[in-house]
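Each remark here refers to the structure printed beneath this line.
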Amino acid sequence: MVILPAQGEPLYVAIYRQLREQIQAGQLPAGAKLPSKRALASQLAVSVNTVDGAYSQLQSEGFVESRPRSGYYVRPIDALQKLSLARPQPAAPAREADGVQVDFHPGGVAREKFPFSVWQRLLKDALADPASLERTPPQGDPGLRQAVADYLYGARGVQCAADQVVIGAGTDSLLSMLSYILPSRCTMAVENPVYNQAYRLFARMGHPVRPAEIDKQGVRVEPLEALDNVLLYTTPSHQYPLGLSMPMGRRAKLLNWAGRGRFRYIVEDDYDSEFRYDIRPLPSLQSADRNGRVIYLGTFSRSVAPALRVSYMVLPPELLALYEAQYARFSTPVSTLEQLALREFLVRGHFTTHLNRMRVYCRSKRKLLVEALAPLAGQVRILGEAAGHHLTLQARNGLTEAELCARALAAGVRVYPISPYFMGRCPYEGKVLLGFGGLSDRQLLAGAAALVRAWQVPPPPCEPVSETV
């Protein structure tokens, strides 16, 4: 039975909706014949065209079928079951709600230092370029790839042609590409600890994953000697999260290992390499590669902004051929507009200017934080080198990682444990990360003062000296 609405809803929609609901509820079973268009139109005092519109909509959605010289019949449709779903949980409250006043997040960035006016101008220029409406090649805009190749040669000694550069939407995007083009039986050896998303991504792509243990000089080469058909993921310039730099002797060993074996490659993630505060940045591992075994990985997320989501990968010739054969039919994951703006940001020298300013800025932030933590000398020590956007601290007063984090949180400060970066059990006790890139001077000083109070452990009381009678 169809009842027309008093107002508001179009007549054909009302007829369609009510018939649809009756079919879904089983009131009009499969095989039931609908009234003829003329009969229903006469019953409802509407035009035949109105009923025809309703029946046509039902037919297009598969609820009914038209049989020649017979009419419209209900099609078999499974009844929709009402499932008992769990109620959605309310969104987690903002971090400030748990009493955190200072968050030493390692990924923080200085928003106030971003060159907004420059980017607005470059984006406007890019919009005026007809190329911004066109698709770019899968590897990325040729001009941007050439600009990246030129920058890498001058800043990091990377030797490559623009054709070897692949533009991606962040490091995860590039690692996904790499996992896709490599044989599924290729083992992924991942330095331990490491950027944990790397080994999770490799494992999800079906590759065997094994930890590559590190010492004070970086990845240990000896345990890798028996492996072939392997890709090693490492961060030699600034190991994350420990902050170590791989010396030239260990680098030579690693390159020789890759050159001796069958299908051995090294992924050099040059994370945070631009930010060293005591000496010039070390040359890249790729710059010393003579056998085409190093895949160079870099990003603008740290040097410009995380929201930019533009990273780059330099493929050696053999893997470039694999990429072109297996991945070149995919589209580039980065918008043309952003690529054109970033290209001009590099070509016009804005990136170099911005990077120099950020080095000075981050050096001062690091110095301020180190000085503010000076009262903890003897109780904690700073690991690694003067580089990057975070400090790695080790307690020397017996506090565990969990205790360091809990005491800090109780004081209104969030610091970050190091254990999640390990594959398996964390062998270290009492290590945490403090990021300083996104905090103001006032926040750094307040956070450090709170940590000094929270982490001070008084010396054990001296036992009274008993007199000898």
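Residue names in the structure tokens use chain letters A, B, ... in the order shown, residue numbers from 1 in each chain, and ligand numbers from 1 in the order shown.
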> If we count only C-alpha atoms, what is near stretch 409-423 of chain A at a cut-off of 6 Å, once residues fewer than 5 positions away on the same chain are taken out, given as a list in words?
Replying inline: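 Everything that qualifies: Gly99, Val100, Gln101, Val102, Asp103, Phe104, Asn192, Pro193, Val194, Asn196, Val432, Leu433 and Leu434 of chain A.
All residues of protein, DNA or RNA that reach within 6 Å of stretch 223-237 of chain A, judged by only C-alpha atoms and not counting those fewer than 5 positions away in the chain, are Cys186, Thr187, Met188, Ala189, Val190, Glu191, Ser245, Met246, Gly261, Arg262, Phe263, Arg264, Tyr265, Ile266, Val267, Glu268, Asp269, Asp270 and Ser273 of chain A.
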>> as a ChimeraX atom specification, please: every residue in stretch 64-269 of chain A that a backbone DSSP assignment puts in strand (DSSP E).
In response: /A:64-67,71-74,102-103,165-168,187-192,209-215,218-219,230-234,264-269
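Comparing the minimum interatomic distances between A:Leu322 and each of A:Val51, A:Leu285, A:Leu404, A:Tyr180, counting only C-alpha atoms, we find that A:Tyr180 sits nearest.
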> Out of stretch 123-366 of chain A, which residues get alpha helix (DSSP H) from DSSP, as a PyMOL selection string?
Replying inline: chain A and resi 123-128+142-156+171-181+196-204+248-260+317-326+336-347+350-366
> Which neighbours of A:Val370 fall inside 9 Å, counting only C-alpha atoms, when residues of the same chain fewer than 5 positions from it are skipped, and could you give them as a PyMOL selection string?
Replying inline: chain A and resi 365+382+391+448
List as a PDB file with N, CA and C atoms, in the first residue's frame the protein and nucleic acid residues near A:Ile167, meaning an atom at most 7 Å away when only C-alpha atoms are counted, but skip any in the same chain fewer than 3 places from it.
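The file below, out-v3.pdb, is the result:
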```pdb
ATOM      1  N   GLN A 139      57.500   8.616 -11.862  1.00  0.00           N
ATOM      2  CA  GLN A 139      58.643   8.928 -10.992  1.00  0.00           C
ATOM      3  C   GLN A 139      58.575  10.323 -10.412  1.00  0.00           C
ATOM      4  N   GLY A 140      57.700  11.181 -10.953  1.00  0.00           N
ATOM      5  CA  GLY A 140      57.612  12.546 -10.476  1.00  0.00           C
ATOM      6  C   GLY A 140      57.958  13.544 -11.555  1.00  0.00           C
ATOM      7  N   VAL A 310      56.557  14.851   0.995  1.00  0.00           N
ATOM      8  CA  VAL A 310      57.328  14.592  -0.225  1.00  0.00           C
ATOM      9  C   VAL A 310      58.678  14.022   0.173  1.00  0.00           C
ATOM     10  N   SER A 311      58.970  12.837  -0.336  1.00  0.00           N
ATOM     11  CA  SER A 311      60.250  12.185  -0.117  1.00  0.00           C
ATOM     12  C   SER A 311      60.827  11.789  -1.463  1.00  0.00           C
ATOM     13  N   TYR A 312      62.060  11.315  -1.450  1.00  0.00           N
ATOM     14  CA  TYR A 312      62.713  10.947  -2.705  1.00  0.00           C
ATOM     15  C   TYR A 312      63.593   9.731  -2.478  1.00  0.00           C
ATOM     16  N   MET A 313      63.751   8.955  -3.541  1.00  0.00           N
ATOM     17  CA  MET A 313      64.549   7.744  -3.505  1.00  0.00           C
ATOM     18  C   MET A 313      65.429   7.724  -4.749  1.00  0.00           C
TER      19      MET A 313
END
```
> Skipping near chain neighbours, those fewer than 6 positions away, what residues fall within 6 Å of A:Tyr73 using only C-alpha atoms, listed as a list in words?
Replying inline: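 Result of the neighbour search: Gly31, Ala32, Lys33, Leu34, Val64 and Glu65 of chain A.
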How would the residues just chosen look if you wrote them out with N, CA and C atoms as a short mmCIF file (atom, residue, chain, number, x, y, z; two decimals), in the first residue's frame?
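Final output, saved to result.cif:
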```cif
data_model
loop_
_atom_site.label_atom_id
_atom_site.label_comp_id
_atom_site.auth_asym_id
_atom_site.auth_seq_id
_atom_site.Cartn_x
_atom_site.Cartn_y
_atom_site.Cartn_z
N GLY A 31 8.94 -12.29 -6.53
CA GLY A 31 7.97 -12.81 -7.49
C GLY A 31 6.64 -12.10 -7.47
N ALA A 32 6.40 -11.26 -6.44
CA ALA A 32 5.13 -10.53 -6.37
C ALA A 32 5.04 -9.54 -7.52
N LYS A 33 3.85 -9.42 -8.08
CA LYS A 33 3.65 -8.48 -9.18
C LYS A 33 3.15 -7.15 -8.65
N LEU A 34 3.77 -6.07 -9.13
CA LEU A 34 3.33 -4.73 -8.75
C LEU A 34 2.10 -4.35 -9.57
N VAL A 64 13.19 -4.50 -8.76
CA VAL A 64 12.15 -5.13 -9.58
C VAL A 64 12.70 -5.38 -10.97
N GLU A 65 11.97 -6.22 -11.72
CA GLU A 65 12.32 -6.46 -13.11
C GLU A 65 11.08 -6.32 -13.97
#
```
>> For a quick check of understanding, using only C-alpha atoms, which of A:Ile279, A:Ala454, A:Leu315, A:Ala377 has the smallest distance to A:Arg363?
In response: A:Ile279
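Nearest residue to A:Arg20, choosing from A:Leu127, A:Ala41, A:Leu58, A:Leu4 and counting only C-alpha atoms: A:Leu58.
In this structure, atom CA of A:Arg407 sits 10.2 Å away from atom CA of A:Gln456.
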Polymer residues at most 8 Å from A:Arg343, only C-alpha atoms, same-chain spacing of 5 or more positions, as a short mmCIF file (atom, residue, chain, number, x, y, z; two decimals) with all heavy atoms, in the first residue's frame:
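Output file out-v5.cif is given in full below:
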```cif
data_model
loop_
_atom_site.label_atom_id
_atom_site.label_comp_id
_atom_site.auth_asym_id
_atom_site.auth_seq_id
_atom_site.Cartn_x
_atom_site.Cartn_y
_atom_site.Cartn_z
N GLY A 143 61.48 18.17 -13.70
CA GLY A 143 62.21 19.33 -13.16
C GLY A 143 62.52 19.19 -11.69
O GLY A 143 63.60 19.56 -11.22
N LEU A 144 61.56 18.65 -10.92
CA LEU A 144 61.79 18.44 -9.49
C LEU A 144 62.86 17.37 -9.29
O LEU A 144 63.73 17.52 -8.43
CB LEU A 144 60.49 18.02 -8.81
CG LEU A 144 60.60 17.62 -7.34
CD1 LEU A 144 61.18 18.75 -6.50
CD2 LEU A 144 59.24 17.19 -6.78
N ALA A 147 66.16 18.92 -9.84
CA ALA A 147 66.51 19.80 -8.73
C ALA A 147 66.97 18.99 -7.52
O ALA A 147 67.91 19.38 -6.81
CB ALA A 147 65.32 20.69 -8.36
#
```
> Using only C-alpha atoms, which of the listed residues (A:Tyr12, A:Tyr428, A:Phe330, A:Tyr199) sits closest to A:Gly168?
Replying inline: A:Phe330
> Counting only C-alpha atoms, which of A:Pro208, A:Pro458, A:Gly424, A:Gly384 gets nearest to A:Leu399?
Replying inline: A:Pro458
>> Between A:Val148, A:Ala321, A:Val314, A:Val294, which residue has the minimum interatomic distance to A:Glu344, considering only C-alpha atoms?
In response: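 Going through A:Val148, A:Ala321, A:Val314, A:Val294 one by one, the smallest distance to A:Glu344 is for A:Val148.
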>> I'd like the interatomic distance between atom CA of A:Leu175 and atom CA of A:Arg425, to a tenth of an Å.
In response: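 If I compute the distance from atom CA of A:Leu175 to atom CA of A:Arg425, I get 24.6 Å.
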